[in-house]
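Below is data.txt, holding compact mmCIF, N, CA and C atoms.
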```
# COMPACT_ATOMS: atom_id res chain seq x y z
N MET A 1102 -0.38 -110.42 -91.74
CA MET A 1102 0.52 -109.29 -91.79
C MET A 1102 -0.04 -108.10 -92.57
N PRO A 1103 -1.16 -108.25 -93.25
CA PRO A 1103 -1.68 -107.09 -93.99
C PRO A 1103 -1.92 -105.88 -93.11
N LEU A 1104 -2.38 -106.10 -91.88
CA LEU A 1104 -2.62 -104.98 -90.97
C LEU A 1104 -1.34 -104.23 -90.65
N LEU A 1105 -0.24 -104.95 -90.42
CA LEU A 1105 1.04 -104.30 -90.14
C LEU A 1105 1.55 -103.54 -91.36
N ARG A 1106 1.41 -104.13 -92.54
CA ARG A 1106 1.85 -103.43 -93.76
C ARG A 1106 1.07 -102.14 -93.94
N ARG A 1107 -0.25 -102.19 -93.72
CA ARG A 1107 -1.06 -100.96 -93.84
C ARG A 1107 -0.65 -99.93 -92.79
N PHE A 1108 -0.42 -100.39 -91.56
CA PHE A 1108 0.01 -99.50 -90.48
C PHE A 1108 1.29 -98.77 -90.87
N VAL A 1109 2.29 -99.50 -91.33
CA VAL A 1109 3.57 -98.90 -91.72
C VAL A 1109 3.36 -97.92 -92.89
N GLY A 1110 2.58 -98.32 -93.87
CA GLY A 1110 2.31 -97.44 -95.01
C GLY A 1110 1.65 -96.15 -94.58
N ARG A 1111 0.67 -96.25 -93.69
CA ARG A 1111 -0.03 -95.03 -93.24
C ARG A 1111 0.87 -94.13 -92.40
N VAL A 1112 1.66 -94.72 -91.51
CA VAL A 1112 2.57 -93.91 -90.69
C VAL A 1112 3.54 -93.16 -91.59
N LEU A 1113 4.12 -93.85 -92.56
CA LEU A 1113 5.09 -93.20 -93.43
C LEU A 1113 4.42 -92.19 -94.36
N ALA A 1114 3.22 -92.47 -94.82
CA ALA A 1114 2.50 -91.50 -95.66
C ALA A 1114 2.20 -90.24 -94.86
N MET A 1115 1.82 -90.39 -93.60
CA MET A 1115 1.56 -89.21 -92.76
C MET A 1115 2.82 -88.39 -92.57
N ALA A 1116 3.98 -89.03 -92.62
CA ALA A 1116 5.26 -88.32 -92.49
C ALA A 1116 5.77 -87.88 -93.87
N GLU A 1117 4.92 -88.00 -94.88
CA GLU A 1117 5.19 -87.55 -96.25
C GLU A 1117 6.30 -88.33 -96.94
N HIS A 1118 6.45 -89.60 -96.58
CA HIS A 1118 7.36 -90.48 -97.32
C HIS A 1118 6.58 -91.02 -98.51
N ARG A 1119 7.28 -91.26 -99.63
CA ARG A 1119 6.58 -91.62 -100.86
C ARG A 1119 6.72 -93.08 -101.27
N SER A 1120 7.76 -93.75 -100.88
CA SER A 1120 7.98 -95.13 -101.31
C SER A 1120 7.98 -96.03 -100.08
N MET A 1121 6.88 -96.74 -99.87
CA MET A 1121 6.72 -97.53 -98.66
C MET A 1121 6.87 -99.03 -98.86
N ASP A 1122 6.99 -99.49 -100.10
CA ASP A 1122 6.99 -100.93 -100.37
C ASP A 1122 8.08 -101.67 -99.60
N GLY A 1123 9.29 -101.15 -99.60
CA GLY A 1123 10.39 -101.82 -98.89
C GLY A 1123 10.12 -101.91 -97.40
N ALA A 1124 9.66 -100.82 -96.81
CA ALA A 1124 9.37 -100.81 -95.38
C ALA A 1124 8.23 -101.77 -95.05
N GLN A 1125 7.23 -101.84 -95.91
CA GLN A 1125 6.11 -102.74 -95.67
C GLN A 1125 6.54 -104.20 -95.78
N LEU A 1126 7.38 -104.51 -96.72
CA LEU A 1126 7.87 -105.89 -96.85
C LEU A 1126 8.76 -106.25 -95.67
N ILE A 1127 9.59 -105.33 -95.24
CA ILE A 1127 10.47 -105.58 -94.10
C ILE A 1127 9.66 -105.85 -92.83
N VAL A 1128 8.65 -105.03 -92.55
CA VAL A 1128 7.87 -105.27 -91.33
C VAL A 1128 7.15 -106.61 -91.40
N SER A 1129 6.70 -106.98 -92.57
CA SER A 1129 6.03 -108.26 -92.73
C SER A 1129 6.99 -109.43 -92.46
N GLU A 1130 8.20 -109.34 -93.00
CA GLU A 1130 9.20 -110.40 -92.78
C GLU A 1130 9.62 -110.48 -91.32
N LEU A 1131 9.90 -109.33 -90.71
CA LEU A 1131 10.38 -109.34 -89.32
C LEU A 1131 9.29 -109.80 -88.36
N ALA A 1132 8.07 -109.35 -88.55
CA ALA A 1132 6.98 -109.77 -87.68
C ALA A 1132 6.67 -111.25 -87.89
N GLY A 1133 6.71 -111.70 -89.14
CA GLY A 1133 6.50 -113.12 -89.41
C GLY A 1133 7.54 -113.98 -88.72
N ASN A 1134 8.80 -113.56 -88.79
CA ASN A 1134 9.87 -114.29 -88.10
C ASN A 1134 9.63 -114.31 -86.60
N ALA A 1135 9.19 -113.18 -86.05
CA ALA A 1135 8.94 -113.11 -84.61
C ALA A 1135 7.87 -114.11 -84.20
N ILE A 1136 6.84 -114.23 -84.99
CA ILE A 1136 5.74 -115.14 -84.65
C ILE A 1136 6.15 -116.60 -84.83
N VAL A 1137 6.91 -116.89 -85.85
CA VAL A 1137 7.29 -118.27 -86.14
C VAL A 1137 8.42 -118.76 -85.24
N HIS A 1138 9.39 -117.90 -84.95
CA HIS A 1138 10.63 -118.36 -84.32
C HIS A 1138 10.82 -117.96 -82.86
N THR A 1139 9.89 -117.24 -82.25
CA THR A 1139 10.09 -116.79 -80.86
C THR A 1139 8.88 -117.12 -80.00
N ARG A 1140 9.01 -116.84 -78.71
CA ARG A 1140 7.90 -117.05 -77.79
C ARG A 1140 6.71 -116.15 -78.10
N SER A 1141 6.91 -115.14 -78.92
CA SER A 1141 5.79 -114.27 -79.31
C SER A 1141 4.73 -115.02 -80.10
N GLY A 1142 5.09 -116.14 -80.72
CA GLY A 1142 4.13 -116.94 -81.46
C GLY A 1142 3.34 -117.90 -80.60
N TRP A 1143 3.68 -117.99 -79.33
CA TRP A 1143 2.94 -118.86 -78.41
C TRP A 1143 1.64 -118.18 -78.03
N PRO A 1144 0.65 -118.93 -77.53
CA PRO A 1144 -0.61 -118.30 -77.08
C PRO A 1144 -0.33 -117.18 -76.07
N GLY A 1145 -0.92 -116.03 -76.31
CA GLY A 1145 -0.72 -114.87 -75.44
C GLY A 1145 0.55 -114.09 -75.73
N GLY A 1146 1.32 -114.51 -76.74
CA GLY A 1146 2.58 -113.84 -77.07
C GLY A 1146 2.35 -112.45 -77.66
N LEU A 1147 3.36 -111.62 -77.54
CA LEU A 1147 3.27 -110.23 -78.01
C LEU A 1147 4.38 -109.91 -79.01
N VAL A 1148 4.07 -109.05 -79.97
CA VAL A 1148 5.03 -108.48 -80.90
C VAL A 1148 4.75 -106.98 -80.92
N ALA A 1149 5.78 -106.16 -80.82
CA ALA A 1149 5.63 -104.70 -80.89
C ALA A 1149 6.34 -104.20 -82.13
N VAL A 1150 5.71 -103.26 -82.83
CA VAL A 1150 6.29 -102.67 -84.03
C VAL A 1150 6.41 -101.17 -83.82
N GLU A 1151 7.57 -100.62 -84.15
CA GLU A 1151 7.79 -99.17 -84.09
C GLU A 1151 8.32 -98.70 -85.43
N VAL A 1152 7.77 -97.60 -85.92
CA VAL A 1152 8.19 -97.00 -87.18
C VAL A 1152 8.69 -95.60 -86.87
N THR A 1153 9.90 -95.29 -87.30
CA THR A 1153 10.47 -93.98 -87.06
C THR A 1153 10.99 -93.41 -88.37
N ALA A 1154 10.56 -92.20 -88.70
CA ALA A 1154 11.09 -91.52 -89.88
C ALA A 1154 12.44 -90.92 -89.51
N ILE A 1155 13.42 -91.14 -90.37
CA ILE A 1155 14.75 -90.56 -90.19
C ILE A 1155 14.95 -89.64 -91.38
N GLY A 1156 14.65 -88.40 -91.24
CA GLY A 1156 14.71 -87.48 -92.37
C GLY A 1156 13.56 -87.73 -93.34
N ASP A 1157 13.73 -87.23 -94.56
CA ASP A 1157 12.67 -87.32 -95.56
C ASP A 1157 12.71 -88.60 -96.38
N ALA A 1158 13.81 -89.33 -96.34
CA ALA A 1158 13.97 -90.44 -97.26
C ALA A 1158 14.40 -91.75 -96.60
N LEU A 1159 14.35 -91.82 -95.30
CA LEU A 1159 14.80 -93.01 -94.60
C LEU A 1159 13.87 -93.28 -93.42
N ALA A 1160 13.52 -94.54 -93.22
CA ALA A 1160 12.68 -94.93 -92.09
C ALA A 1160 13.33 -96.10 -91.37
N ARG A 1161 13.08 -96.17 -90.08
CA ARG A 1161 13.58 -97.29 -89.27
C ARG A 1161 12.37 -98.09 -88.79
N ILE A 1162 12.41 -99.38 -89.06
CA ILE A 1162 11.36 -100.30 -88.63
C ILE A 1162 11.96 -101.15 -87.52
N GLU A 1163 11.29 -101.23 -86.37
CA GLU A 1163 11.75 -102.08 -85.27
C GLU A 1163 10.64 -103.05 -84.91
N VAL A 1164 10.98 -104.31 -84.81
CA VAL A 1164 10.05 -105.34 -84.38
C VAL A 1164 10.64 -106.00 -83.14
N THR A 1165 9.91 -105.90 -82.04
CA THR A 1165 10.37 -106.47 -80.77
C THR A 1165 9.51 -107.68 -80.45
N ASP A 1166 10.20 -108.78 -80.12
CA ASP A 1166 9.49 -110.02 -79.79
C ASP A 1166 9.93 -110.49 -78.41
N GLU A 1167 9.31 -111.56 -77.96
CA GLU A 1167 9.58 -112.08 -76.62
C GLU A 1167 10.81 -112.94 -76.51
N GLY A 1168 11.58 -113.04 -77.59
CA GLY A 1168 12.87 -113.72 -77.54
C GLY A 1168 12.79 -115.21 -77.83
N ALA A 1169 13.96 -115.75 -78.12
CA ALA A 1169 14.10 -117.17 -78.43
C ALA A 1169 15.46 -117.64 -77.93
N LEU A 1170 15.74 -118.91 -78.09
CA LEU A 1170 17.03 -119.45 -77.66
C LEU A 1170 18.13 -119.17 -78.68
N THR A 1171 17.76 -118.74 -79.88
CA THR A 1171 18.73 -118.47 -80.94
C THR A 1171 18.71 -116.99 -81.32
N VAL A 1172 19.76 -116.55 -81.98
CA VAL A 1172 19.86 -115.18 -82.47
C VAL A 1172 19.47 -115.18 -83.95
N PRO A 1173 18.62 -114.26 -84.37
CA PRO A 1173 18.25 -114.23 -85.78
C PRO A 1173 19.46 -114.00 -86.68
N CYS A 1174 19.56 -114.78 -87.76
CA CYS A 1174 20.63 -114.58 -88.73
C CYS A 1174 20.17 -115.12 -90.08
N PRO A 1175 20.62 -114.48 -91.16
CA PRO A 1175 20.25 -114.97 -92.49
C PRO A 1175 20.81 -116.38 -92.70
N ARG A 1176 20.10 -117.17 -93.47
CA ARG A 1176 20.61 -118.50 -93.80
C ARG A 1176 20.50 -118.72 -95.29
N MET A 1177 21.09 -119.76 -95.76
CA MET A 1177 21.07 -120.08 -97.19
C MET A 1177 20.11 -121.24 -97.43
N PRO A 1178 18.85 -120.95 -97.73
CA PRO A 1178 17.90 -122.04 -97.97
C PRO A 1178 18.18 -122.72 -99.30
N GLY A 1179 17.78 -123.97 -99.40
CA GLY A 1179 17.90 -124.69 -100.66
C GLY A 1179 16.86 -124.19 -101.65
N ASP A 1180 17.04 -124.51 -102.91
CA ASP A 1180 16.12 -124.05 -103.95
C ASP A 1180 14.69 -124.53 -103.70
N ASP A 1181 14.53 -125.69 -103.09
CA ASP A 1181 13.20 -126.24 -102.87
C ASP A 1181 12.61 -125.87 -101.51
N ASP A 1182 13.37 -125.17 -100.66
CA ASP A 1182 12.87 -124.78 -99.35
C ASP A 1182 11.77 -123.73 -99.47
N CYS A 1183 10.72 -123.90 -98.69
CA CYS A 1183 9.60 -122.94 -98.71
C CYS A 1183 9.82 -121.78 -97.75
N HIS A 1184 10.78 -121.91 -96.85
CA HIS A 1184 11.03 -120.88 -95.83
C HIS A 1184 12.52 -120.58 -95.78
N GLY A 1185 12.87 -119.54 -95.01
CA GLY A 1185 14.28 -119.26 -94.75
C GLY A 1185 14.87 -118.11 -95.54
N ARG A 1186 14.05 -117.34 -96.23
CA ARG A 1186 14.57 -116.24 -97.04
C ARG A 1186 14.30 -114.85 -96.44
N GLY A 1187 13.56 -114.79 -95.34
CA GLY A 1187 13.11 -113.52 -94.78
C GLY A 1187 14.23 -112.55 -94.46
N LEU A 1188 15.23 -112.98 -93.71
CA LEU A 1188 16.31 -112.06 -93.36
C LEU A 1188 17.19 -111.73 -94.56
N ASN A 1189 17.26 -112.63 -95.53
CA ASN A 1189 17.98 -112.29 -96.77
C ASN A 1189 17.25 -111.16 -97.50
N ILE A 1190 15.93 -111.20 -97.50
CA ILE A 1190 15.13 -110.13 -98.10
C ILE A 1190 15.37 -108.83 -97.36
N VAL A 1191 15.32 -108.89 -96.03
CA VAL A 1191 15.56 -107.69 -95.22
C VAL A 1191 16.95 -107.14 -95.51
N GLU A 1192 17.95 -108.01 -95.53
CA GLU A 1192 19.33 -107.59 -95.80
C GLU A 1192 19.45 -106.91 -97.17
N HIS A 1193 18.72 -107.40 -98.14
CA HIS A 1193 18.76 -106.85 -99.50
C HIS A 1193 18.06 -105.48 -99.58
N LEU A 1194 16.94 -105.33 -98.88
CA LEU A 1194 16.15 -104.09 -98.96
C LEU A 1194 16.66 -102.98 -98.05
N ALA A 1195 17.26 -103.35 -96.95
CA ALA A 1195 17.65 -102.36 -95.93
C ALA A 1195 18.98 -101.69 -96.26
N VAL A 1196 19.08 -100.44 -95.87
CA VAL A 1196 20.36 -99.74 -95.91
C VAL A 1196 21.28 -100.36 -94.87
N ARG A 1197 20.72 -100.67 -93.72
CA ARG A 1197 21.41 -101.41 -92.67
C ARG A 1197 20.37 -102.00 -91.75
N TRP A 1198 20.75 -103.03 -91.02
CA TRP A 1198 19.84 -103.67 -90.08
C TRP A 1198 20.65 -104.32 -88.97
N GLY A 1199 19.96 -104.70 -87.90
CA GLY A 1199 20.67 -105.32 -86.79
C GLY A 1199 19.72 -105.87 -85.75
N ILE A 1200 20.32 -106.33 -84.67
CA ILE A 1200 19.59 -106.97 -83.59
C ILE A 1200 20.01 -106.32 -82.28
N ARG A 1201 19.04 -106.07 -81.42
CA ARG A 1201 19.32 -105.47 -80.12
C ARG A 1201 18.65 -106.31 -79.03
N PRO A 1202 19.43 -106.88 -78.13
CA PRO A 1202 18.81 -107.60 -77.00
C PRO A 1202 18.09 -106.61 -76.10
N GLU A 1203 16.98 -107.06 -75.55
CA GLU A 1203 16.16 -106.23 -74.66
C GLU A 1203 16.08 -106.89 -73.28
N PRO A 1204 15.62 -106.14 -72.28
CA PRO A 1204 15.42 -106.76 -70.96
C PRO A 1204 14.45 -107.95 -71.03
N LEU A 1205 14.55 -108.82 -70.07
CA LEU A 1205 13.68 -110.00 -69.93
C LEU A 1205 13.86 -111.01 -71.06
N GLY A 1206 14.96 -110.93 -71.80
CA GLY A 1206 15.22 -111.87 -72.87
C GLY A 1206 14.53 -111.55 -74.18
N TRP A 1207 13.87 -110.42 -74.27
CA TRP A 1207 13.21 -110.02 -75.51
C TRP A 1207 14.27 -109.59 -76.52
N THR A 1208 13.87 -109.48 -77.79
CA THR A 1208 14.80 -109.13 -78.86
C THR A 1208 14.13 -108.12 -79.80
N THR A 1209 14.89 -107.12 -80.22
CA THR A 1209 14.43 -106.19 -81.25
C THR A 1209 15.29 -106.41 -82.49
N VAL A 1210 14.63 -106.62 -83.62
CA VAL A 1210 15.30 -106.65 -84.91
C VAL A 1210 14.87 -105.38 -85.62
N TRP A 1211 15.83 -104.61 -86.10
CA TRP A 1211 15.53 -103.32 -86.73
C TRP A 1211 16.14 -103.28 -88.12
N ALA A 1212 15.55 -102.43 -88.95
CA ALA A 1212 16.07 -102.22 -90.29
C ALA A 1212 15.78 -100.79 -90.71
N GLU A 1213 16.74 -100.18 -91.38
CA GLU A 1213 16.54 -98.85 -91.95
C GLU A 1213 16.41 -98.99 -93.45
N VAL A 1214 15.37 -98.36 -94.01
CA VAL A 1214 15.03 -98.55 -95.42
C VAL A 1214 14.75 -97.21 -96.07
N LEU A 1215 15.16 -97.09 -97.33
CA LEU A 1215 14.89 -95.87 -98.10
C LEU A 1215 13.41 -95.77 -98.39
N THR A 1216 12.88 -94.56 -98.30
CA THR A 1216 11.45 -94.35 -98.53
C THR A 1216 11.19 -93.28 -99.58
N ALA A 1217 12.16 -93.03 -100.44
CA ALA A 1217 11.99 -92.12 -101.58
C ALA A 1217 12.67 -92.78 -102.77
N GLU A 1218 12.02 -92.74 -103.93
CA GLU A 1218 12.52 -93.42 -105.12
C GLU A 1218 13.93 -93.00 -105.49
N GLU A 1219 14.26 -91.74 -105.34
CA GLU A 1219 15.53 -91.22 -105.81
C GLU A 1219 16.54 -90.99 -104.69
N ALA A 1220 16.24 -91.48 -103.50
CA ALA A 1220 17.11 -91.24 -102.35
C ALA A 1220 18.38 -92.08 -102.45
N SER A 1221 19.44 -91.54 -101.90
CA SER A 1221 20.70 -92.26 -101.84
C SER A 1221 21.32 -92.00 -100.48
N ILE A 1222 21.47 -93.05 -99.71
CA ILE A 1222 22.06 -92.95 -98.38
C ILE A 1222 23.32 -93.82 -98.40
N PRO A 1223 24.46 -93.30 -97.96
CA PRO A 1223 25.66 -94.15 -97.95
C PRO A 1223 25.48 -95.33 -97.00
N VAL A 1224 25.85 -96.51 -97.45
CA VAL A 1224 25.74 -97.72 -96.65
C VAL A 1224 26.96 -97.80 -95.74
N MET A 1225 26.71 -98.02 -94.47
CA MET A 1225 27.78 -98.12 -93.49
C MET A 1225 27.89 -99.56 -93.03
N ASP A 1226 29.09 -99.99 -92.69
CA ASP A 1226 29.26 -101.31 -92.13
C ASP A 1226 28.76 -101.27 -90.70
N VAL A 1227 27.77 -102.12 -90.40
CA VAL A 1227 27.20 -102.18 -89.07
C VAL A 1227 27.18 -103.65 -88.65
N PRO A 1228 27.64 -103.95 -87.46
CA PRO A 1228 27.59 -105.34 -87.04
C PRO A 1228 26.15 -105.84 -86.95
N LEU A 1229 25.96 -107.12 -87.20
CA LEU A 1229 24.64 -107.71 -87.16
C LEU A 1229 24.02 -107.56 -85.79
N LEU A 1230 24.82 -107.66 -84.75
CA LEU A 1230 24.32 -107.56 -83.38
C LEU A 1230 24.65 -106.18 -82.84
N GLU A 1231 23.62 -105.39 -82.53
CA GLU A 1231 23.82 -104.05 -82.00
C GLU A 1231 23.62 -104.12 -80.49
N LEU A 1232 24.65 -103.81 -79.75
CA LEU A 1232 24.55 -103.80 -78.30
C LEU A 1232 24.58 -102.36 -77.83
N GLU A 1233 23.54 -101.97 -77.13
CA GLU A 1233 23.50 -100.59 -76.63
C GLU A 1233 24.03 -100.57 -75.20
N ALA A 1234 24.70 -99.50 -74.88
CA ALA A 1234 25.26 -99.39 -73.52
C ALA A 1234 24.20 -98.99 -72.55
```

What does this structure look like when you write it as structure tokens?
Amino acid sequence: MPLLRRFVGRVLAMAEHRSMDGAQLIVSELAGNAIVHTRSGWPGGLVAVEVTAIGDALARIEVTDEGALTVPCPRMPGDDDCHGRGLNIVEHLAVRWGIRPEPLGWTTVWAEVLTAEEASIPVMDVPLLELEA
């Protein structure tokens, strides 16, 4: 995932965003989940990452994978579990996040994250599953 973290950092730096750590951690978690839990982790599988600046202090990270039989959702891992915290991390770092089904059974998981140390964006209630018309 280091390549994806660098990619996100460079894209946001080019857009003059100053705080990229949250966005870089989010892309790492979402891409890791895509590889571990979806068909994208199979031989020949694909994962697509899109970074969009929303104003000067907010960025949207989208990770699209080839889909799975389950819908991504945060879970409560045990203290001794080595896995299962990724979406909890995303939920904690993101202003909001969600899931969008794509054609052919693919899935996009997106998160919007602050990219300026002093930025303040009002948090809105957004359903976990985003369905576009």

Using the chain letters and numbers from this document, which residues of range 1121-1229 of chain A does DSSP assign to strand (DSSP E), as a list in words?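 Those residues are Ala1149, Val1150, Glu1151, Val1152, Thr1153, Ala1154, Ile1155, Leu1159, Ala1160, Arg1161, Ile1162, Glu1163, Val1164, Thr1165, Asp1166, Arg1197, Trp1198, Gly1199, Ile1200, Arg1201, Pro1202, Thr1208, Thr1209, Val1210, Trp1211, Ala1212, Glu1213, Val1214 and Leu1215 of chain A.
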
Please produce an output containing N, CA and C atoms for each residue in the selection, written as a CSV table (one decimal), keeping the file's coordinate frame.
```csv
chain,number,residue,atom,x,y,z
A,1149,ALA,N,5.8,-106.2,-80.8
A,1149,ALA,CA,5.6,-104.7,-80.9
A,1149,ALA,C,6.3,-104.2,-82.1
A,1150,VAL,N,5.7,-103.3,-82.8
A,1150,VAL,CA,6.3,-102.7,-84.0
A,1150,VAL,C,6.4,-101.2,-83.8
A,1151,GLU,N,7.6,-100.6,-84.2
A,1151,GLU,CA,7.8,-99.2,-84.1
A,1151,GLU,C,8.3,-98.7,-85.4
A,1152,VAL,N,7.8,-97.6,-85.9
A,1152,VAL,CA,8.2,-97.0,-87.2
A,1152,VAL,C,8.7,-95.6,-86.9
A,1153,THR,N,9.9,-95.3,-87.3
A,1153,THR,CA,10.5,-94.0,-87.1
A,1153,THR,C,11.0,-93.4,-88.4
A,1154,ALA,N,10.6,-92.2,-88.7
A,1154,ALA,CA,11.1,-91.5,-89.9
A,1154,ALA,C,12.4,-90.9,-89.5
A,1155,ILE,N,13.4,-91.1,-90.4
A,1155,ILE,CA,14.8,-90.6,-90.2
A,1155,ILE,C,15.0,-89.6,-91.4
A,1159,LEU,N,14.4,-91.8,-95.3
A,1159,LEU,CA,14.8,-93.0,-94.6
A,1159,LEU,C,13.9,-93.3,-93.4
A,1160,ALA,N,13.5,-94.5,-93.2
A,1160,ALA,CA,12.7,-94.9,-92.1
A,1160,ALA,C,13.3,-96.1,-91.4
A,1161,ARG,N,13.1,-96.2,-90.1
A,1161,ARG,CA,13.6,-97.3,-89.3
A,1161,ARG,C,12.4,-98.1,-88.8
A,1162,ILE,N,12.4,-99.4,-89.1
A,1162,ILE,CA,11.4,-100.3,-88.6
A,1162,ILE,C,12.0,-101.2,-87.5
A,1163,GLU,N,11.3,-101.2,-86.4
A,1163,GLU,CA,11.8,-102.1,-85.3
A,1163,GLU,C,10.6,-103.0,-84.9
A,1164,VAL,N,11.0,-104.3,-84.8
A,1164,VAL,CA,10.0,-105.3,-84.4
A,1164,VAL,C,10.6,-106.0,-83.1
A,1165,THR,N,9.9,-105.9,-82.0
A,1165,THR,CA,10.4,-106.5,-80.8
A,1165,THR,C,9.5,-107.7,-80.4
A,1166,ASP,N,10.2,-108.8,-80.1
A,1166,ASP,CA,9.5,-110.0,-79.8
A,1166,ASP,C,9.9,-110.5,-78.4
A,1197,ARG,N,20.7,-100.7,-93.7
A,1197,ARG,CA,21.4,-101.4,-92.7
A,1197,ARG,C,20.4,-102.0,-91.8
A,1198,TRP,N,20.8,-103.0,-91.0
A,1198,TRP,CA,19.8,-103.7,-90.1
A,1198,TRP,C,20.6,-104.3,-89.0
A,1199,GLY,N,20.0,-104.7,-87.9
A,1199,GLY,CA,20.7,-105.3,-86.8
A,1199,GLY,C,19.7,-105.9,-85.8
A,1200,ILE,N,20.3,-106.3,-84.7
A,1200,ILE,CA,19.6,-107.0,-83.6
A,1200,ILE,C,20.0,-106.3,-82.3
A,1201,ARG,N,19.0,-106.1,-81.4
A,1201,ARG,CA,19.3,-105.5,-80.1
A,1201,ARG,C,18.6,-106.3,-79.0
A,1202,PRO,N,19.4,-106.9,-78.1
A,1202,PRO,CA,18.8,-107.6,-77.0
A,1202,PRO,C,18.1,-106.6,-76.1
A,1208,THR,N,13.9,-109.5,-77.8
A,1208,THR,CA,14.8,-109.1,-78.9
A,1208,THR,C,14.1,-108.1,-79.8
A,1209,THR,N,14.9,-107.1,-80.2
A,1209,THR,CA,14.4,-106.2,-81.2
A,1209,THR,C,15.3,-106.4,-82.5
A,1210,VAL,N,14.6,-106.6,-83.6
A,1210,VAL,CA,15.3,-106.6,-84.9
A,1210,VAL,C,14.9,-105.4,-85.6
A,1211,TRP,N,15.8,-104.6,-86.1
A,1211,TRP,CA,15.5,-103.3,-86.7
A,1211,TRP,C,16.1,-103.3,-88.1
A,1212,ALA,N,15.6,-102.4,-89.0
A,1212,ALA,CA,16.1,-102.2,-90.3
A,1212,ALA,C,15.8,-100.8,-90.7
A,1213,GLU,N,16.7,-100.2,-91.4
A,1213,GLU,CA,16.5,-98.8,-92.0
A,1213,GLU,C,16.4,-99.0,-93.4
A,1214,VAL,N,15.4,-98.4,-94.0
A,1214,VAL,CA,15.0,-98.6,-95.4
A,1214,VAL,C,14.8,-97.2,-96.1
A,1215,LEU,N,15.2,-97.1,-97.3
A,1215,LEU,CA,14.9,-95.9,-98.1
A,1215,LEU,C,13.4,-95.8,-98.4
```

Which value, in Å to one decimal, gives the distance between atom N of Val1128 in chain A and CA of Glu1167 in chain A?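 So the answer is 17.4 Å.
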
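In this model, the gap between CA of Ala1195 in chain A and atom N of Val1164 in chain A comes to 13.1 Å.
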
One number please: atom N of Ala1217 in chain A to atom C of Asn1134 in chain A, in Å, one decimal.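 Distance between the two atoms: 25.5 Å.
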
Shell of 6.5 Å around range 1137-1147 of chain A, only N, CA and C atoms, local chain residues under 2 positions omitted, as a PyMOL selection string: chain A and resi 1132-1135+1149+1165-1169

Output N, CA and C atoms for every residue in that selection, as a PDB file, in the frame of the given file.
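And here is the file that came out, selection17.pdb:
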```
ATOM      1  N   ALA A1132       8.070-109.350 -88.550  1.00  0.00           N
ATOM      2  CA  ALA A1132       6.980-109.770 -87.680  1.00  0.00           C
ATOM      3  C   ALA A1132       6.670-111.250 -87.890  1.00  0.00           C
ATOM      4  N   GLY A1133       6.710-111.700 -89.140  1.00  0.00           N
ATOM      5  CA  GLY A1133       6.500-113.120 -89.410  1.00  0.00           C
ATOM      6  C   GLY A1133       7.540-113.980 -88.720  1.00  0.00           C
ATOM      7  N   ASN A1134       8.800-113.560 -88.790  1.00  0.00           N
ATOM      8  CA  ASN A1134       9.870-114.290 -88.100  1.00  0.00           C
ATOM      9  C   ASN A1134       9.630-114.310 -86.600  1.00  0.00           C
ATOM     10  N   ALA A1135       9.190-113.180 -86.050  1.00  0.00           N
ATOM     11  CA  ALA A1135       8.940-113.110 -84.610  1.00  0.00           C
ATOM     12  C   ALA A1135       7.870-114.110 -84.200  1.00  0.00           C
ATOM     13  N   ALA A1149       5.780-106.160 -80.820  1.00  0.00           N
ATOM     14  CA  ALA A1149       5.630-104.700 -80.890  1.00  0.00           C
ATOM     15  C   ALA A1149       6.340-104.200 -82.130  1.00  0.00           C
ATOM     16  N   THR A1165       9.910-105.900 -82.040  1.00  0.00           N
ATOM     17  CA  THR A1165      10.370-106.470 -80.770  1.00  0.00           C
ATOM     18  C   THR A1165       9.510-107.680 -80.450  1.00  0.00           C
ATOM     19  N   ASP A1166      10.200-108.780 -80.120  1.00  0.00           N
ATOM     20  CA  ASP A1166       9.490-110.020 -79.790  1.00  0.00           C
ATOM     21  C   ASP A1166       9.930-110.490 -78.410  1.00  0.00           C
ATOM     22  N   GLU A1167       9.310-111.560 -77.960  1.00  0.00           N
ATOM     23  CA  GLU A1167       9.580-112.080 -76.620  1.00  0.00           C
ATOM     24  C   GLU A1167      10.810-112.940 -76.510  1.00  0.00           C
ATOM     25  N   GLY A1168      11.580-113.040 -77.590  1.00  0.00           N
ATOM     26  CA  GLY A1168      12.870-113.720 -77.540  1.00  0.00           C
ATOM     27  C   GLY A1168      12.790-115.210 -77.830  1.00  0.00           C
ATOM     28  N   ALA A1169      13.960-115.750 -78.120  1.00  0.00           N
ATOM     29  CA  ALA A1169      14.100-117.170 -78.430  1.00  0.00           C
ATOM     30  C   ALA A1169      15.460-117.640 -77.930  1.00  0.00           C
TER      31      ALA A1169
END
```

I'd like to know which of A:Cys1174, A:Ala1158, A:Val1210, A:Leu1113 is closest to Gly1187 in chain A, using all atoms listed in the file.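 Of A:Cys1174, A:Ala1158, A:Val1210, A:Leu1113, the one nearest Gly1187 in chain A is A:Cys1174, counting all atoms listed in the file.
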
For Pro1103 in chain A, the closest of A:Thr1216, A:Gly1156, A:Trp1198, A:Leu1126 counting only C-alpha atoms is A:Leu1126
